[in-house]
$ cat work-v8.txt   # compact mmCIF, C-alpha atoms
# COMPACT_ATOMS: atom_id res chain seq x y z
CA MET A 21 -66.46 6.73 60.85
CA LYS A 22 -68.06 3.80 62.68
CA SER A 23 -69.91 2.76 59.51
CA PHE A 24 -66.73 3.16 57.51
CA LYS A 25 -64.86 0.93 59.98
CA PHE A 26 -67.41 -1.88 59.62
CA LEU A 27 -67.39 -1.55 55.84
CA LEU A 28 -63.60 -1.76 55.80
CA GLN A 29 -63.74 -4.82 58.06
CA LYS A 30 -66.14 -6.47 55.62
CA GLU A 31 -63.76 -5.89 52.70
CA PHE A 32 -60.77 -7.42 54.49
CA LEU A 33 -62.87 -10.40 55.64
CA GLN A 34 -63.91 -11.07 52.05
CA ILE A 35 -60.27 -11.17 51.01
CA PHE A 36 -59.09 -13.47 53.79
CA ARG A 37 -62.00 -15.86 53.26
CA ASN A 38 -61.00 -16.32 49.63
CA LYS A 39 -58.12 -18.82 49.78
CA SER A 40 -57.49 -18.67 46.02
CA MET A 41 -56.95 -14.92 46.29
CA ILE A 42 -54.37 -15.40 49.05
CA MET A 43 -52.57 -17.97 46.89
CA MET A 44 -52.60 -15.55 43.95
CA ILE A 45 -51.03 -12.79 46.05
CA VAL A 46 -48.09 -15.06 46.88
CA THR A 47 -47.67 -17.11 43.70
CA MET A 48 -48.21 -14.41 41.06
CA PRO A 49 -45.14 -12.27 41.89
CA THR A 50 -43.06 -15.40 42.43
CA ILE A 51 -43.88 -16.91 39.02
CA MET A 52 -43.56 -13.63 37.14
CA LEU A 53 -40.18 -12.82 38.64
CA PHE A 54 -38.91 -16.32 37.85
CA VAL A 55 -40.15 -16.34 34.23
CA LEU A 56 -40.29 -12.82 32.76
CA PRO A 57 -36.64 -11.77 33.26
CA TRP A 58 -35.61 -14.60 30.94
CA ALA A 59 -38.29 -13.89 28.37
CA ALA A 60 -36.99 -11.68 25.56
CA VAL A 61 -34.17 -9.71 23.97
CA PHE A 62 -35.01 -6.84 21.64
CA GLU A 63 -33.21 -4.89 18.93
CA GLN A 64 -32.16 -1.38 19.89
CA LYS A 65 -32.38 1.67 17.65
CA ASP A 66 -32.48 5.46 17.99
CA ILE A 67 -30.02 5.28 20.88
CA HIS A 68 -29.40 8.82 22.11
CA LEU A 69 -25.81 9.80 21.37
CA SER A 70 -23.68 12.76 22.47
CA ILE A 71 -20.40 13.54 20.70
CA VAL A 72 -17.54 15.47 22.30
CA ASP A 73 -15.26 16.63 19.49
CA ASN A 74 -11.87 17.83 20.74
CA ASP A 75 -10.31 17.54 17.29
CA HIS A 76 -12.73 19.45 15.00
CA SER A 77 -11.16 17.81 12.00
CA THR A 78 -12.70 16.75 8.72
CA LEU A 79 -12.52 13.10 9.79
CA SER A 80 -14.24 13.64 13.16
CA ARG A 81 -17.05 15.61 11.51
CA THR A 82 -17.45 12.99 8.79
CA LEU A 83 -17.68 10.20 11.36
CA THR A 84 -20.24 12.27 13.27
CA GLU A 85 -22.36 12.50 10.12
CA GLU A 86 -22.01 8.74 9.55
CA LEU A 87 -23.24 7.99 13.06
CA SER A 88 -26.10 10.49 13.02
CA ALA A 89 -27.27 9.14 9.64
CA SER A 90 -27.54 5.63 11.08
CA LYS A 91 -30.97 4.39 12.17
CA TYR A 92 -29.37 3.11 15.36
CA PHE A 93 -28.43 6.53 16.76
CA ASN A 94 -30.13 9.82 17.44
CA LEU A 95 -27.55 12.60 17.81
CA LYS A 96 -28.66 14.64 20.82
CA GLN A 97 -25.59 16.83 21.26
CA TYR A 98 -22.41 17.85 19.44
CA THR A 99 -20.10 19.76 21.75
CA SER A 100 -16.53 20.35 22.91
CA SER A 101 -17.44 20.09 26.59
CA TYR A 102 -17.38 16.67 28.21
CA ASP A 103 -19.17 18.04 31.31
CA LYS A 104 -22.12 19.23 29.21
CA ALA A 105 -22.38 15.82 27.56
CA LEU A 106 -22.22 14.08 30.95
CA ASP A 107 -25.07 16.28 32.23
CA LEU A 108 -27.32 14.86 29.48
CA VAL A 109 -26.46 11.33 30.59
CA LYS A 110 -27.30 12.20 34.19
CA LYS A 111 -30.64 13.63 33.06
CA ASP A 112 -31.34 10.43 31.08
CA GLU A 113 -31.46 12.44 27.84
CA SER A 114 -28.44 10.69 26.33
CA SER A 115 -27.15 7.11 26.59
CA ILE A 116 -23.67 7.24 25.03
CA ILE A 117 -20.90 9.83 24.92
CA LEU A 118 -18.35 9.41 22.11
CA VAL A 119 -15.18 11.44 22.67
CA PHE A 120 -12.88 12.32 19.76
CA PRO A 121 -9.45 13.17 21.27
CA GLN A 122 -7.21 15.97 20.11
CA ASN A 123 -5.15 15.19 16.99
CA PHE A 124 -7.53 12.34 16.22
CA GLU A 125 -7.26 12.68 12.43
CA LYS A 126 -3.52 13.25 12.48
CA ASN A 127 -2.85 10.21 14.67
CA ILE A 128 -5.13 7.87 12.77
CA LEU A 129 -3.48 8.73 9.48
CA ARG A 130 0.09 8.50 10.80
CA GLU A 131 0.00 5.98 13.64
CA HIS A 132 -0.85 2.31 13.62
CA LYS A 133 -3.45 2.54 16.37
CA VAL A 134 -5.76 5.20 17.82
CA ASN A 135 -7.81 4.90 21.01
CA PHE A 136 -10.81 7.02 21.92
CA MET A 137 -13.37 6.79 24.65
CA LEU A 138 -17.03 5.88 24.84
CA ASN A 139 -18.86 6.80 28.03
CA ILE A 140 -21.93 4.56 28.18
CA ASP A 141 -24.97 4.72 30.42
CA ALA A 142 -25.32 1.00 31.18
CA LEU A 143 -28.62 1.40 33.05
CA ASN A 144 -29.95 -0.76 30.23
CA GLY A 145 -27.09 -3.20 29.77
CA GLN A 146 -28.49 -4.54 26.52
CA LYS A 147 -28.71 -1.07 24.98
CA ALA A 148 -25.18 -0.27 26.15
CA GLY A 149 -23.70 -3.42 24.63
CA VAL A 150 -25.56 -3.05 21.36
CA GLY A 151 -24.65 0.65 21.16
CA LEU A 152 -20.97 -0.16 21.58
CA SER A 153 -21.15 -2.78 18.83
CA TYR A 154 -22.98 -0.46 16.43
CA ILE A 155 -20.51 2.39 16.91
CA SER A 156 -17.53 0.09 16.45
CA LEU A 157 -18.97 -1.39 13.25
CA ILE A 158 -19.93 1.96 11.73
CA ILE A 159 -16.59 3.63 12.42
CA ASN A 160 -14.44 0.69 11.38
CA ASP A 161 -16.51 0.14 8.26
CA TYR A 162 -15.97 3.74 7.22
CA LEU A 163 -12.23 3.69 7.91
CA GLN A 164 -11.57 0.33 6.29
CA ASN A 165 -13.70 0.83 3.20
CA LYS A 166 -14.26 4.45 2.24
CA LEU A 167 -11.24 6.17 3.73
CA ALA A 168 -8.81 3.35 2.96
CA ARG A 169 -9.81 3.35 -0.70
CA THR A 170 -9.26 7.09 -0.87
CA MET A 171 -5.76 6.77 0.58
CA GLN A 172 -5.07 3.52 -1.30
CA LYS A 173 -3.65 1.82 1.79
CA PRO A 174 -5.13 -0.17 4.69
CA LEU A 175 -5.86 1.59 7.96
CA PRO A 176 -5.70 0.15 11.47
CA GLN A 177 -8.79 -0.93 13.41
CA ILE A 178 -9.91 1.55 16.06
CA VAL A 179 -9.82 0.32 19.64
CA ILE A 180 -12.66 1.85 21.69
CA CYS A 181 -12.32 2.01 25.48
CA PRO A 182 -15.84 1.96 27.01
CA GLN A 183 -16.67 3.27 30.46
CA TYR A 184 -19.98 1.86 31.76
CA ARG A 185 -22.13 3.62 34.33
CA TYR A 186 -24.95 2.58 36.68
CA ASN A 187 -25.12 -1.05 35.52
CA ILE A 188 -21.41 -1.84 35.32
CA SER A 189 -21.89 -5.59 34.82
CA MET A 190 -24.24 -4.83 31.88
CA GLU A 191 -26.60 -7.60 33.02
CA TYR A 192 -30.17 -7.64 31.76
CA PHE A 193 -31.74 -8.68 35.09
CA PRO A 194 -31.06 -5.45 37.05
CA PHE A 195 -32.78 -3.58 34.21
CA ILE A 196 -35.85 -5.79 33.73
CA VAL A 197 -36.65 -6.96 37.29
CA PRO A 198 -37.57 -3.51 38.72
CA GLY A 199 -39.84 -3.03 35.72
CA ILE A 200 -41.64 -6.28 36.56
CA PHE A 201 -42.54 -4.74 39.93
CA ALA A 202 -44.58 -2.19 37.96
CA ILE A 203 -46.36 -5.00 36.06
CA LEU A 204 -47.26 -6.73 39.33
CA LEU A 205 -48.60 -3.56 40.92
CA THR A 206 -50.58 -2.69 37.80
CA ALA A 207 -52.11 -6.12 37.27
CA ILE A 208 -53.07 -6.84 40.87
CA THR A 209 -54.30 -3.33 41.72
CA ALA A 210 -56.31 -2.92 38.51
CA VAL A 211 -57.89 -6.39 38.64
CA PHE A 212 -58.89 -6.36 42.31
CA SER A 213 -60.24 -2.82 42.27
CA ALA A 214 -62.10 -3.46 38.99
CA LEU A 215 -63.80 -6.57 40.37
CA ASN A 216 -64.79 -4.99 43.68
CA ILE A 217 -67.97 -3.08 42.82
CA VAL A 218 -68.87 -5.46 39.96
CA HIS A 219 -68.87 -8.34 42.45
CA GLU A 220 -71.35 -6.44 44.61
CA LYS A 221 -73.55 -5.95 41.53
CA GLU A 222 -73.49 -9.64 40.62
CA ILE A 223 -74.38 -10.93 44.09
CA ARG A 224 -77.06 -8.23 44.44
CA THR A 225 -75.65 -6.65 47.59
CA ILE A 226 -75.08 -3.29 45.85
CA GLU A 227 -78.75 -2.40 46.42
CA GLN A 228 -78.35 -2.91 50.17
CA ILE A 229 -75.27 -0.65 50.21
CA ASN A 230 -77.07 1.96 48.12
CA VAL A 231 -79.78 2.42 50.75
CA THR A 232 -77.35 2.77 53.66
CA PRO A 233 -76.25 6.23 54.89
CA ILE A 234 -72.64 5.56 53.80
CA SER A 235 -71.36 8.21 51.38
CA LYS A 236 -70.06 7.08 48.02
CA ILE A 237 -66.59 8.45 48.85
CA SER A 238 -66.44 6.32 52.01
CA PHE A 239 -67.68 3.31 50.04
CA ILE A 240 -65.01 3.70 47.34
CA VAL A 241 -62.22 4.33 49.86
CA ALA A 242 -63.22 1.24 51.85
CA LYS A 243 -63.11 -0.74 48.62
CA VAL A 244 -59.61 0.38 47.59
CA ILE A 245 -57.76 0.35 50.94
CA PRO A 246 -57.53 -3.49 50.97
CA VAL A 247 -56.31 -3.32 47.36
CA TRP A 248 -53.58 -0.89 48.42
CA ALA A 249 -52.57 -3.31 51.19
CA ILE A 250 -52.40 -6.17 48.67
CA GLY A 251 -50.30 -4.03 46.34
CA PHE A 252 -47.77 -3.25 49.07
CA THR A 253 -47.62 -6.91 50.06
CA ILE A 254 -46.88 -7.97 46.48
CA LEU A 255 -44.25 -5.22 46.09
CA THR A 256 -42.54 -6.40 49.28
CA ILE A 257 -42.58 -10.01 48.09
CA GLY A 258 -41.10 -8.90 44.77
CA ILE A 259 -38.32 -6.91 46.46
CA ILE A 260 -37.43 -9.91 48.64
CA ILE A 261 -37.38 -12.31 45.66
CA ALA A 262 -35.25 -9.89 43.62
CA ARG A 263 -32.75 -9.75 46.48
CA LEU A 264 -32.64 -13.49 47.19
CA ILE A 265 -32.75 -14.86 43.62
CA TYR A 266 -31.03 -12.18 41.54
CA GLY A 267 -29.05 -10.30 44.18
CA ILE A 268 -30.72 -7.04 43.11
CA THR A 269 -31.12 -4.26 45.68
CA PRO A 270 -31.91 -0.60 45.07
CA THR A 271 -28.93 1.71 44.74
CA GLY A 272 -31.17 4.48 46.04
CA ASN A 273 -33.41 4.64 49.08
CA LEU A 274 -35.92 1.79 49.37
CA LEU A 275 -38.42 4.17 50.99
CA HIS A 276 -38.48 6.13 47.71
CA VAL A 277 -39.63 2.95 45.95
CA TYR A 278 -42.52 2.62 48.40
CA PHE A 279 -43.37 6.32 48.20
CA THR A 280 -43.59 6.17 44.41
CA ALA A 281 -45.58 2.94 44.66
CA ILE A 282 -48.12 4.65 46.98
CA ILE A 283 -48.95 7.27 44.37
CA TYR A 284 -49.01 4.72 41.55
CA ILE A 285 -51.27 2.27 43.41
CA ILE A 286 -53.73 5.09 44.19
CA ALA A 287 -53.79 6.04 40.51
CA ILE A 288 -54.32 2.48 39.24
CA SER A 289 -56.97 1.69 41.86
CA GLY A 290 -58.90 4.73 40.63
CA PHE A 291 -58.62 3.37 37.10
CA GLY A 292 -59.93 0.00 38.32
CA ILE A 293 -62.92 1.60 40.04
CA ILE A 294 -63.79 3.42 36.79
CA ILE A 295 -63.90 0.05 34.98
CA SER A 296 -65.93 -1.42 37.85
CA ASN A 297 -68.46 1.40 37.52
CA ILE A 298 -68.76 0.86 33.76
CA ALA A 299 -68.93 -2.95 33.71
CA SER A 300 -72.07 -4.89 34.61
CA THR A 301 -70.42 -8.28 35.11
CA GLU A 302 -67.05 -9.58 36.28
CA GLN A 303 -66.40 -10.97 32.80
CA GLN A 304 -66.83 -7.53 31.25
CA ALA A 305 -64.53 -6.00 33.87
CA MET A 306 -61.82 -8.63 33.27
CA LEU A 307 -61.91 -8.11 29.50
CA LEU A 308 -61.63 -4.33 29.89
CA VAL A 309 -58.75 -4.68 32.36
CA PHE A 310 -56.92 -7.19 30.15
CA PHE A 311 -57.23 -4.96 27.07
CA THR A 312 -56.04 -1.80 28.80
CA LEU A 313 -53.22 -3.57 30.69
CA MET A 314 -51.81 -4.97 27.45
CA LEU A 315 -51.71 -1.48 25.94
CA MET A 316 -50.18 0.06 29.06
CA ILE A 317 -47.41 -2.54 29.30
CA LEU A 318 -46.56 -2.60 25.58
CA LEU A 319 -46.47 1.21 25.46
CA GLY A 320 -44.71 1.63 28.79
CA GLY A 321 -41.06 1.25 27.75
CA LEU A 322 -40.57 -1.87 29.86
CA PHE A 323 -39.29 -4.13 27.09
CA THR A 324 -38.97 -1.80 24.09
CA PRO A 325 -37.37 1.65 24.47
CA ILE A 326 -39.89 4.43 23.90
CA SER A 327 -37.39 6.18 21.64
CA SER A 328 -37.62 3.20 19.23
CA MET A 329 -41.41 3.57 18.88
CA PRO A 330 -43.03 5.59 16.07
CA ASP A 331 -43.97 9.19 16.86
CA TRP A 332 -47.69 8.45 17.27
CA ALA A 333 -46.93 5.69 19.81
CA GLN A 334 -44.54 7.96 21.73
CA ALA A 335 -47.34 10.54 21.97
CA ILE A 336 -49.68 7.91 23.45
CA THR A 337 -47.11 6.94 26.11
CA LEU A 338 -47.36 10.45 27.56
CA PHE A 339 -50.81 9.45 28.87
CA ASN A 340 -49.65 6.13 30.28
CA PRO A 341 -48.99 6.11 34.06
CA PHE A 342 -47.22 2.74 33.71
CA ARG A 343 -44.45 4.48 31.77
CA TYR A 344 -43.65 6.88 34.61
CA MET A 345 -43.69 4.12 37.24
CA VAL A 346 -41.19 2.07 35.22
CA GLU A 347 -38.95 5.11 34.75
CA ALA A 348 -39.03 6.04 38.44
CA ILE A 349 -38.36 2.58 39.84
CA ARG A 350 -35.48 1.97 37.43
CA LEU A 351 -33.91 5.30 38.31
CA ILE A 352 -34.11 4.47 42.02
CA TYR A 353 -32.83 0.91 41.62
CA LEU A 354 -30.02 1.50 39.11
CA LYS A 355 -29.01 5.16 39.29
CA GLY A 356 -29.71 5.70 42.99
CA SER A 357 -31.92 8.68 42.14
CA GLY A 358 -33.53 10.62 44.97
CA LEU A 359 -36.94 12.28 45.15
CA HIS A 360 -35.58 15.40 43.44
CA ASP A 361 -34.41 13.33 40.44
CA ILE A 362 -37.72 11.48 40.01
CA LEU A 363 -39.87 14.53 40.77
CA PRO A 364 -41.18 14.78 37.15
CA GLN A 365 -42.40 11.17 37.30
CA ILE A 366 -43.92 11.65 40.77
CA LEU A 367 -45.80 14.79 39.71
CA LYS A 368 -47.20 13.05 36.63
CA LEU A 369 -48.27 10.02 38.67
CA GLY A 370 -49.86 12.38 41.19
CA GLY A 371 -51.78 14.04 38.37
CA PHE A 372 -53.03 10.64 37.19
CA ALA A 373 -54.02 9.71 40.76
CA ILE A 374 -56.10 12.88 41.18
CA ALA A 375 -57.72 12.67 37.74
CA LEU A 376 -58.55 8.95 37.78
CA ASN A 377 -59.94 8.93 41.31
CA SER A 378 -62.01 12.04 40.63
CA ILE A 379 -63.53 10.32 37.59
CA ALA A 380 -64.10 7.17 39.69
CA ALA A 381 -66.00 9.14 42.34
CA ILE A 382 -68.09 11.03 39.78
CA SER A 383 -68.90 7.95 37.67
CA TYR A 384 -70.16 5.92 40.67
CA ARG A 385 -73.88 6.33 41.23
CA LYS A 386 -74.90 5.42 44.75
CA ILE A 387 -78.62 5.47 44.04
CA ASN A 388 -79.90 3.23 41.23
CA LYS A 389 -82.45 4.92 39.03

$ encode --input "work-v8.txt" --output "structure tokens"
Amino acid sequence: MKSFKFLLQKEFLQIFRNKSMIMMIVTMPTIMLFVLPWAAVFEQKDIHLSIVDNDHSTLSRTLTEELSASKYFNLKQYTSSYDKALDLVKKDESSIILVFPQNFEKNILREHKVNFMLNIDALNGQKAGVGLSYISLIINDYLQNKLARTMQKPLPQIVICPQYRYNISMEYFPFIVPGIFAILLTAITAVFSALNIVHEKEIRTIEQINVTPISKISFIVAKVIPVWAIGFTILTIGIIIARLIYGITPTGNLLHVYFTAIIYIIAISGFGIIISNIASTEQQAMLLVFFTLMLMILLGGLFTPISSMPDWAQAITLFNPFRYMVEAIRLIYLKGSGLHDILPQILKLGGFAIALNSIAAISYRKINK
């Protein structure tokens, strides 16, 4: 333990002596949180839709077929129970509930105006707004063109009454900013942990460490603990900036954010150590980190919904820890989810942490041959 203490001291001293690294820790989250939330808007498709049909008429079934045939919607449930449909929204398996009221067909054919309700999960405000627009266009297009021609008379426009949940203001910032926290943790943790052992190789101090009685587990742990501290510092800075600049605070417990971040940082630091063990130079390590980070972020559901990706890409995302971190932090921030609600994400991140760090320990060779 005494040797481990001195080794840990050495790692922290190296960090604090590097002024550019200290500047990076402060400026990187600040710049990213100022720039990225304004960066992009993306088309939505395959939005998960639940339909509650209280009418069971020919018209309600026809409109259901029109919506399910659209590329913009994926019909997840067709039921008469609103509670069952709402359960899917709570489980994040459906984004929109469309409710056909009783006597829907009769009223629309006889009355001048018919109202029915959309219950929208506005966790992603952009998806909610686009989903509302798509449903309105599809239904009104059918009624005004196909059905009106059949009846040889014009029909009234449908007025849809939406009810938004979780992100009532439908702003894009509450959706994207928590996801940027995951980018910051991934980039900083992966880069610093990947450069750690490679730096020792380049300055030729790895041979001195190899002949010491320090075990390779102690050596790796001493290398990643400062990285974990940096990760928590950056997360804290990000949370403060999100609160001061965007007015965004977690609906759930802030401690759950940190708890999830602990597991995620451990997983990503293990990934960084694997790259550090493979690479011979810092340049090689940086290129490997850059390549893998791009894939993780693009296939993580941060900007583009995973449901909109092709099947092969969706299969790849199952092996992406970044995906589960983004899901967990958004659920905590926007839905107020507790540990029980994000347990699937936590278990998967825990599995990644165990697997990646085990590979990191095995792949590191303390004695050069």

$ closest_residue --input "work-v8.txt" --among "A:Leu69, A:Leu83, A:Ile200, A:Met345" --to "A:Ile117" --atoms "only C-alpha atoms"
A:Leu69

$ atom_distance --input "work-v8.txt" --atom1 "atom CA of A:Ser289" --atom2 "atom CA of A:Val211"
8.7 Å

$ residues_near_point --input "work-v8.txt" --point "(-39.4, -6.8, 42.9)" --cutoff "9 Å" --atoms "all atoms listed in the file" --output "list in words"
Pro49, Leu53, Val197, Pro198, Gly199, Ile200, Phe201, Ala202, Leu204, Ile254, Leu255, Thr256, Ile257, Gly258, Ile259, Ile260, Ile261, Ala262, Arg263 and Ile268 of chain A

$ atom_distance --input "work-v8.txt" --atom1 "atom CA of A:Ser238" --atom2 "atom CA of A:Phe252"
21.2 Å

$ closest_residue --input "work-v8.txt" --among "A:Arg185, A:Lys368, A:Lys126, A:Lys65" --to "A:Asp141" --atoms "all atoms listed in the file"
A:Arg185

$ atom_distance --input "work-v8.txt" --atom1 "atom CA of A:Phe291" --atom2 "atom CA of A:Gly272"
28.9 Å

$ residues_around --input "work-v8.txt" --residues "A:Ile203" --least-positions-apart "4" --cutoff "12 Å" --atoms "all atoms listed in the file" --output "ChimeraX atom specification"
/A:48-49,52-53,56,196-199,207-211,251,254-255,258,281,284-285,288,313-318,320-323,341-343,345-346,349

$ closest_residue --input "work-v8.txt" --among "A:Ser328, A:Gln365, A:Asn340, A:Thr312" --to "A:Lys91" --atoms "only C-alpha atoms"
A:Ser328

$ residues_near_point --input "work-v8.txt" --point "(-32.6, -1.0, 18.4)" --cutoff "9 Å" --atoms "all atoms listed in the file" --output "number ranges by chain"
A: 62-67, 91-93, 147, 150-151, 324-325, 328

$ closest_residue --input "work-v8.txt" --among "A:Thr50, A:Pro121, A:Lys25, A:Lys243" --to "A:Ile293" --atoms "all atoms listed in the file"
A:Lys243

$ closest_residue --input "work-v8.txt" --among "A:Ile282, A:Met306, A:Ile140, A:Ala105" --to "A:Ser213" --atoms "all atoms listed in the file"
A:Met306

$ closest_residue --input "work-v8.txt" --among "A:Asp103, A:Glu302, A:Glu191, A:Glu125" --to "A:Ser77" --atoms "all atoms listed in the file"
A:Glu125

$ axis_aligned_box --input "work-v8.txt" --around "stretch 336-344 of chain A" --padding-each-side "3 Å" --output "lines of an AutoDock Vina configuration file"
center_x = -47.2
center_y = 6.6
center_z = 29.0
size_x = 13.2
size_y = 13.7
size_z = 17.2

$ residues_around --input "work-v8.txt" --residues "A:Val72" --least-positions-apart "4" --cutoff "6 Å" --atoms "only C-alpha atoms" --output "ChimeraX atom specification"
/A:99-100,119
